[in-house]
$ cat entry-v4.cif   # mmCIF, C-alpha atoms and all ligand atoms
data_my_file
loop_
_atom_site.group_PDB
_atom_site.id
_atom_site.type_symbol
_atom_site.label_atom_id
_atom_site.label_comp_id
_atom_site.auth_asym_id
_atom_site.auth_seq_id
_atom_site.Cartn_x
_atom_site.Cartn_y
_atom_site.Cartn_z
ATOM 1 C CA MET M 5 109.864 -58.112 -68.958
ATOM 2 C CA PRO M 6 110.777 -57.199 -72.534
ATOM 3 C CA ARG M 7 108.604 -58.434 -75.408
ATOM 4 C CA LEU M 8 110.606 -60.334 -78.000
ATOM 5 C CA PHE M 9 110.204 -61.838 -81.452
ATOM 6 C CA PHE M 10 112.367 -63.260 -84.241
ATOM 7 C CA ALA M 11 112.066 -61.591 -87.639
ATOM 8 C CA LEU M 12 113.720 -60.893 -90.956
ATOM 9 C CA PRO M 13 114.648 -57.209 -91.245
ATOM 10 C CA ALA M 14 113.004 -55.438 -94.200
ATOM 11 C CA ARG M 15 115.031 -52.228 -94.082
ATOM 12 C CA GLU M 16 116.075 -52.346 -97.735
ATOM 13 C CA LEU M 17 112.390 -52.261 -98.671
ATOM 14 C CA ALA M 18 111.380 -49.575 -96.170
ATOM 15 C CA ALA M 19 111.279 -46.672 -98.653
ATOM 16 C CA PRO M 20 109.638 -48.526 -101.576
ATOM 17 C CA LEU M 21 107.033 -50.162 -99.309
ATOM 18 C CA GLN M 22 106.222 -46.837 -97.679
ATOM 19 C CA ALA M 23 105.839 -45.219 -101.129
ATOM 20 C CA PHE M 24 103.612 -48.092 -102.256
ATOM 21 C CA ARG M 25 101.348 -47.880 -99.180
ATOM 22 C CA ASP M 26 101.126 -44.095 -99.199
ATOM 23 C CA GLY M 27 100.464 -43.938 -102.935
ATOM 24 C CA ARG M 28 97.106 -45.716 -102.758
ATOM 25 C CA PRO M 29 94.082 -45.825 -100.476
ATOM 26 C CA TRP M 30 95.232 -47.855 -97.484
ATOM 27 C CA PRO M 31 93.255 -48.461 -94.282
ATOM 28 C CA GLY M 32 94.423 -48.003 -90.702
ATOM 29 C CA VAL M 33 97.266 -46.264 -88.924
ATOM 30 C CA PRO M 34 100.546 -46.410 -90.879
ATOM 31 C CA VAL M 35 103.429 -48.381 -89.356
ATOM 32 C CA PRO M 36 106.664 -46.299 -89.415
ATOM 33 C CA PRO M 37 108.909 -47.708 -92.167
ATOM 34 C CA ASP M 38 111.751 -48.257 -89.681
ATOM 35 C CA ASN M 39 109.487 -50.840 -88.051
ATOM 36 C CA PHE M 40 108.894 -52.915 -91.190
ATOM 37 C CA HIS M 41 109.914 -56.542 -90.658
ATOM 38 C CA LEU M 42 108.750 -60.022 -91.520
ATOM 39 C CA THR M 43 108.026 -61.942 -88.302
ATOM 40 C CA LEU M 44 109.396 -65.474 -88.053
ATOM 41 C CA ALA M 45 108.260 -66.314 -84.524
ATOM 42 C CA PHE M 46 106.381 -64.337 -81.896
ATOM 43 C CA LEU M 47 107.745 -64.946 -78.373
ATOM 44 C CA GLY M 48 106.116 -62.462 -75.997
ATOM 45 C CA GLU M 49 107.507 -61.429 -72.622
ATOM 46 C CA ALA M 50 110.837 -63.110 -71.864
ATOM 47 C CA SER M 51 113.141 -63.126 -68.840
ATOM 48 C CA GLU M 52 116.895 -62.587 -69.087
ATOM 49 C CA GLU M 53 117.468 -66.334 -68.801
ATOM 50 C CA GLN M 54 114.967 -67.018 -71.567
ATOM 51 C CA ARG M 55 116.588 -64.347 -73.735
ATOM 52 C CA ALA M 56 120.033 -65.896 -73.243
ATOM 53 C CA ALA M 57 118.665 -69.335 -74.135
ATOM 54 C CA LEU M 58 116.963 -67.901 -77.257
ATOM 55 C CA MET M 59 120.251 -66.398 -78.374
ATOM 56 C CA ALA M 60 122.193 -69.602 -77.780
ATOM 57 C CA GLY M 61 119.512 -71.625 -79.595
ATOM 58 C CA ALA M 62 119.239 -69.224 -82.539
ATOM 59 C CA ALA M 63 122.996 -69.289 -83.086
ATOM 60 C CA ARG M 64 122.818 -73.075 -83.581
ATOM 61 C CA LEU M 65 120.078 -73.023 -86.254
ATOM 62 C CA HIS M 66 120.716 -73.049 -89.979
ATOM 63 C CA CYS M 67 118.689 -71.655 -92.852
ATOM 64 C CA PRO M 68 119.953 -70.649 -96.302
ATOM 65 C CA PRO M 69 119.594 -67.024 -97.490
ATOM 66 C CA LEU M 70 115.995 -66.452 -98.576
ATOM 67 C CA THR M 71 114.443 -64.597 -101.495
ATOM 68 C CA ILE M 72 110.839 -63.676 -100.745
ATOM 69 C CA THR M 73 108.626 -61.888 -103.256
ATOM 70 C CA LEU M 74 106.028 -59.656 -101.597
ATOM 71 C CA ASP M 75 103.250 -59.424 -104.166
ATOM 72 C CA THR M 76 99.936 -59.822 -102.295
ATOM 73 C CA CYS M 77 98.087 -57.489 -99.948
ATOM 74 C CA GLY M 78 95.942 -58.817 -97.135
ATOM 75 C CA TRP M 79 94.287 -58.142 -93.809
ATOM 76 C CA PHE M 80 94.053 -59.969 -90.502
ATOM 77 C CA ALA M 81 90.572 -59.034 -89.256
ATOM 78 C CA ARG M 82 91.167 -59.974 -85.608
ATOM 79 C CA ALA M 83 94.544 -58.235 -85.331
ATOM 80 C CA LYS M 84 93.307 -55.373 -87.554
ATOM 81 C CA ALA M 85 96.626 -55.497 -89.430
ATOM 82 C CA ALA M 86 96.855 -54.678 -93.149
ATOM 83 C CA TRP M 87 99.919 -56.165 -94.796
ATOM 84 C CA ILE M 88 101.850 -57.119 -97.895
ATOM 85 C CA GLY M 89 103.201 -60.635 -98.181
ATOM 86 C CA PRO M 90 104.220 -63.353 -100.607
ATOM 87 C CA ALA M 91 101.570 -65.376 -102.463
ATOM 88 C CA HIS M 92 104.107 -68.210 -102.479
ATOM 89 C CA TRP M 93 107.229 -68.562 -100.408
ATOM 90 C CA PRO M 94 110.185 -70.942 -100.085
ATOM 91 C CA ASN M 95 109.573 -74.003 -97.938
ATOM 92 C CA GLU M 96 112.800 -73.170 -96.081
ATOM 93 C CA LEU M 97 111.065 -70.090 -94.674
ATOM 94 C CA SER M 98 108.202 -72.144 -93.171
ATOM 95 C CA VAL M 99 110.642 -74.731 -91.798
ATOM 96 C CA PHE M 100 112.844 -72.076 -90.224
ATOM 97 C CA ALA M 101 109.889 -70.207 -88.703
ATOM 98 C CA ARG M 102 108.681 -73.484 -87.170
ATOM 99 C CA GLU M 103 112.138 -74.204 -85.734
ATOM 100 C CA LEU M 104 112.204 -70.769 -84.108
ATOM 101 C CA GLN M 105 108.648 -71.214 -82.777
ATOM 102 C CA ARG M 106 109.729 -74.529 -81.284
ATOM 103 C CA LEU M 107 112.821 -72.955 -79.752
ATOM 104 C CA GLY M 108 110.504 -70.448 -78.053
ATOM 105 C CA ALA M 109 107.969 -73.110 -77.066
ATOM 106 C CA ARG M 110 110.661 -75.216 -75.353
ATOM 107 C CA LEU M 111 111.313 -72.156 -73.164
ATOM 108 C CA GLY M 112 107.594 -71.615 -72.491
ATOM 109 C CA LEU M 113 107.379 -68.696 -74.946
ATOM 110 C CA GLY M 114 105.111 -67.869 -77.878
ATOM 111 C CA ASN M 115 101.563 -68.921 -78.439
ATOM 112 C CA GLY M 116 101.954 -72.486 -79.623
ATOM 113 C CA GLU M 117 102.445 -73.725 -83.122
ATOM 114 C CA GLN M 118 100.398 -71.430 -85.270
ATOM 115 C CA HIS M 119 99.601 -71.456 -88.916
ATOM 116 C CA TYR M 120 102.445 -69.421 -90.405
ATOM 117 C CA HIS M 121 101.597 -66.785 -92.980
ATOM 118 C CA PRO M 122 104.595 -64.551 -93.701
ATOM 119 C CA HIS M 123 103.770 -60.852 -94.051
ATOM 120 C CA VAL M 124 105.034 -57.314 -93.475
ATOM 121 C CA THR M 125 102.456 -55.283 -91.564
ATOM 122 C CA LEU M 126 102.075 -51.844 -93.184
ATOM 123 C CA SER M 127 99.289 -50.493 -90.937
ATOM 124 C CA ARG M 128 97.463 -51.305 -87.722
ATOM 125 C CA LYS M 129 93.959 -50.572 -86.415
ATOM 126 C CA ALA M 130 92.701 -51.253 -89.941
ATOM 127 C CA SER M 131 88.982 -51.990 -89.906
ATOM 128 C CA GLU M 132 88.906 -53.158 -93.511
ATOM 129 C CA ALA M 133 91.120 -54.928 -96.019
ATOM 130 C CA PRO M 134 93.295 -52.933 -98.419
ATOM 131 C CA ALA M 135 91.733 -52.571 -101.862
ATOM 132 C CA GLU M 136 92.484 -55.425 -104.211
ATOM 133 C CA LEU M 137 94.636 -53.394 -106.543
ATOM 134 C CA PRO M 138 97.541 -55.155 -108.180
ATOM 135 C CA ALA M 139 100.676 -55.040 -106.034
ATOM 136 C CA PRO M 140 104.064 -54.749 -107.677
ATOM 137 C CA ALA M 141 106.524 -57.425 -106.643
ATOM 138 C CA PHE M 142 108.885 -56.260 -103.903
ATOM 139 C CA VAL M 143 111.756 -58.695 -103.537
ATOM 140 C CA LEU M 144 113.165 -59.209 -100.058
ATOM 141 C CA HIS M 145 116.670 -60.675 -100.090
ATOM 142 C CA ALA M 146 117.173 -61.909 -96.551
ATOM 143 C CA ASP M 147 120.680 -62.896 -95.529
ATOM 144 C CA SER M 148 120.239 -62.465 -91.780
ATOM 145 C CA PHE M 149 117.619 -62.776 -89.077
ATOM 146 C CA CYS M 150 117.325 -60.950 -85.765
ATOM 147 C CA LEU M 151 115.923 -61.224 -82.279
ATOM 148 C CA TYR M 152 113.935 -58.019 -81.698
ATOM 149 C CA GLN M 153 112.670 -56.293 -78.600
ATOM 150 C CA SER M 154 109.481 -54.167 -78.715
ATOM 151 C CA VAL M 155 110.205 -50.886 -76.980
ATOM 152 C CA SER M 156 107.186 -48.730 -76.096
ATOM 153 C CA SER M 157 107.608 -44.977 -75.800
ATOM 154 C CA GLU M 158 105.455 -41.862 -76.137
ATOM 155 C CA GLN M 159 106.278 -41.898 -79.850
ATOM 156 C CA GLY M 160 104.814 -45.392 -80.099
ATOM 157 C CA VAL M 161 106.365 -48.830 -80.313
ATOM 158 C CA ARG M 162 109.812 -49.317 -81.824
ATOM 159 C CA TYR M 163 111.525 -52.598 -82.650
ATOM 160 C CA ARG M 164 115.139 -52.816 -81.535
ATOM 161 C CA PRO M 165 117.349 -55.655 -82.828
ATOM 162 C CA LEU M 166 119.122 -57.295 -79.859
ATOM 163 C CA ALA M 167 121.199 -59.662 -81.976
ATOM 164 C CA CYS M 168 121.348 -60.821 -85.591
ATOM 165 C CA TRP M 169 122.709 -63.985 -87.174
ATOM 166 C CA PRO M 170 123.607 -64.746 -90.798
ATOM 167 C CA LEU M 171 121.362 -67.040 -92.831
ATOM 168 C CA ARG M 172 123.544 -69.821 -94.202
ATOM 169 C CA SER M 173 122.968 -73.464 -94.948
HETATM 170 P P1 LIG M 201 101.921 -58.436 -86.885
HETATM 171 O O1 LIG M 201 102.937 -57.693 -87.672
HETATM 172 O O2 LIG M 201 101.067 -59.308 -87.718
HETATM 173 O O3 LIG M 201 101.133 -57.563 -85.946
HETATM 174 C C1 LIG M 201 105.931 -57.866 -82.848
HETATM 175 O O4 LIG M 201 104.792 -57.488 -82.171
HETATM 176 C C2 LIG M 201 105.594 -58.832 -83.944
HETATM 177 O O5 LIG M 201 105.005 -60.015 -83.426
HETATM 178 C C3 LIG M 201 104.629 -58.246 -84.932
HETATM 179 O O6 LIG M 201 105.130 -58.435 -86.211
HETATM 180 C C4 LIG M 201 103.340 -59.007 -84.741
HETATM 181 O O7 LIG M 201 102.748 -59.419 -85.930
HETATM 182 C C5 LIG M 201 103.751 -60.247 -84.003
HETATM 183 N N1 LIG M 201 102.788 -60.549 -82.954
HETATM 184 C C6 LIG M 201 102.367 -59.718 -81.974
HETATM 185 N N2 LIG M 201 101.511 -60.342 -81.160
HETATM 186 C C7 LIG M 201 101.363 -61.604 -81.648
HETATM 187 C C8 LIG M 201 100.615 -62.748 -81.241
HETATM 188 N N3 LIG M 201 99.838 -62.732 -80.160
HETATM 189 N N4 LIG M 201 100.736 -63.854 -81.987
HETATM 190 C C9 LIG M 201 101.513 -63.902 -83.077
HETATM 191 N N5 LIG M 201 102.256 -62.856 -83.495
HETATM 192 C C10 LIG M 201 102.182 -61.729 -82.795
#

$ encode --input "entry-v4.cif" --output "structure tokens"
Amino acid sequence: MPRLFFALPARELAAPLQAFRDGRPWPGVPVPPDNFHLTLAFLGEASEEQRAALMAGAARLHCPPLTITLDTCGWFARAKAAWIGPAHWPNELSVFARELQRLGARLGLGNGEQHYHPHVTLSRKASEAPAELPAPAFVLHADSFCLYQSVSSEQGVRYRPLACWPLRS
């Protein structure tokens, strides 16, 4: 069964974030810039029926366009992911992520209600945190969100948008 998640695309920041990461010492294996995204809700393996219900549910949700300033680097030790994320973020983002998590949970998907810390993973298999050098502020203007499928191939994992919806209040 395909692995799914909801996320905000971060395509417009792909080149600047790649340049930022590659221009300083950065631990781990680089994530290809085409894969940069800001996860809203992790879902895991979903059946066709679950996918259809996710799409119907997502189309009914509302969230205004979001401006998110990525200005802090961090590291999830257990996941070995090194990332850039916002030090502060709009409450609407947390509310929307929770709504999407709940949509998944009602269908038996995801891993429960988790503490939500928005981030864009820039590398994996990182065994240490990125150096605490000042990060410039990268501004993500999100006016849509997407349901993604993780597609594994010999070239590694790729994230394919299955459907996207506009962010509007
Ligand atoms: P990450 O970027 O912090 O690794 C697709 O795999 C997306 O879902 C990734 O952005 C990943 O977050 C997130 N993800 C993968 N497995 C997860 C899990 N078990 N719990 C929460 N999020 C997960």

$ closest_residue --input "entry-v4.cif" --among "M:Leu12, M:Ala141, M:Ala63, M:Leu74" --to "ligand LIG 201 (chain M)" --atoms "only C-alpha atoms and all ligand atoms"
M:Leu12

$ atom_distance --input "entry-v4.cif" --atom1 "CA of Trp169 (chain M)" --atom2 "atom O4 of ligand LIG 201 (chain M)"
19.7 Å

$ resolve_selection --input "entry-v4.cif" --expression "the PyMOL selection byres (((chain M and resi 101-106) around 9) and not hetatm)" --output "list of chain:residue names"
M:Phe10, M:Ala11, M:Thr43, M:Leu44, M:Ala45, M:Phe46, M:Leu47, M:Leu58, M:Gly61, M:Ala62, M:Leu65, M:Glu96, M:Leu97, M:Ser98, M:Val99, M:Phe100, M:Leu107, M:Gly108, M:Ala109, M:Arg110, M:Leu111, M:Leu113, M:Gly114, M:Asn115, M:Gly116, M:Glu117, M:Gln118, M:Tyr120

$ residues_around --input "entry-v4.cif" --residues "Leu8 (chain M)" --least-positions-apart "3" --cutoff "8 Å" --atoms "all atoms listed in the file" --output "VMD selection string"
chain M and resid 46 to 50 151 to 154

$ resolve_selection --input "entry-v4.cif" --expression "the PyMOL selection byres (((chain M and resi 83-94) around 9) and not hetatm)" --output "ChimeraX atom specification"
/M:21,30-32,42,70-82,95-98,121-134,139,141

$ residues_near_point --input "entry-v4.cif" --point "(119.0, -69.1, -90.3)" --cutoff "8 Å" --atoms "only C-alpha atoms" --output "PyMOL selection string"
chain M and resi 62+65-69+100+148-149+169-173

$ atom_distance --input "entry-v4.cif" --atom1 "atom C3 of ligand LIG 201 (chain M)" --atom2 "CA of Pro138 (chain M)"
24.5 Å

$ axis_aligned_box --input "entry-v4.cif" --around "ligand LIG 201 (chain M)" --padding-each-side "8 Å" --output "lines of an AutoDock Vina configuration file"
center_x = 102.9
center_y = -60.7
center_z = -83.9
size_x = 22.1
size_y = 22.4
size_z = 23.6

$ resolve_selection --input "entry-v4.cif" --expression "the PyMOL selection byres (((chain M and resi 36) around 10) and not hetatm)" --output "PDB file with C-alpha atoms, in the coordinates of the input"
ATOM      1  CA  ALA M  18     111.380 -49.575 -96.170  1.00  0.00           C
ATOM      2  CA  GLN M  22     106.222 -46.837 -97.679  1.00  0.00           C
ATOM      3  CA  VAL M  33      97.266 -46.264 -88.924  1.00  0.00           C
ATOM      4  CA  PRO M  34     100.546 -46.410 -90.879  1.00  0.00           C
ATOM      5  CA  VAL M  35     103.429 -48.381 -89.356  1.00  0.00           C
ATOM      6  CA  PRO M  37     108.909 -47.708 -92.167  1.00  0.00           C
ATOM      7  CA  ASP M  38     111.751 -48.257 -89.681  1.00  0.00           C
ATOM      8  CA  ASN M  39     109.487 -50.840 -88.051  1.00  0.00           C
ATOM      9  CA  PHE M  40     108.894 -52.915 -91.190  1.00  0.00           C
ATOM     10  CA  LEU M 126     102.075 -51.844 -93.184  1.00  0.00           C
ATOM     11  CA  SER M 127      99.289 -50.493 -90.937  1.00  0.00           C
ATOM     12  CA  GLY M 160     104.814 -45.392 -80.099  1.00  0.00           C
ATOM     13  CA  VAL M 161     106.365 -48.830 -80.313  1.00  0.00           C
ATOM     14  CA  ARG M 162     109.812 -49.317 -81.824  1.00  0.00           C
TER      15      ARG M 162
END

$ closest_residue --input "entry-v4.cif" --among "M:Gly27, M:Gly112, M:Met59, M:His41" --to "Ala14 (chain M)" --atoms "all atoms listed in the file"
M:His41

$ atom_distance --input "entry-v4.cif" --atom1 "atom O7 of ligand LIG 201 (chain M)" --atom2 "CA of Arg164 (chain M)"
14.7 Å

$ closest_residue --input "entry-v4.cif" --among "M:Pro20, M:Pro29, M:Pro13, M:Arg7" --to "Glu52 (chain M)" --atoms "only C-alpha atoms"
M:Arg7

$ decode --input "entry-v4.cif" --residues "region 150-164 of chain M" --atoms "C-alpha atoms" --output "compact mmCIF listing (two decimals), in the first residue's frame"
# COMPACT_ATOMS: atom_id res chain seq x y z
CA CYS M 150 -0.97 18.55 -1.01
CA LEU M 151 -1.47 14.89 -0.31
CA TYR M 152 1.84 13.20 -1.17
CA GLN M 153 2.81 9.63 -1.89
CA SER M 154 6.33 8.35 -1.05
CA VAL M 155 7.64 6.48 -4.06
CA SER M 156 10.73 4.32 -3.50
CA SER M 157 13.05 3.61 -6.41
CA GLU M 158 16.71 2.74 -6.96
CA GLN M 159 17.42 6.47 -7.00
CA GLY M 160 15.92 6.76 -3.52
CA VAL M 161 12.59 7.99 -2.25
CA ARG M 162 10.62 10.62 -4.16
CA TYR M 163 7.51 12.46 -3.02
CA ARG M 164 4.75 12.65 -5.62
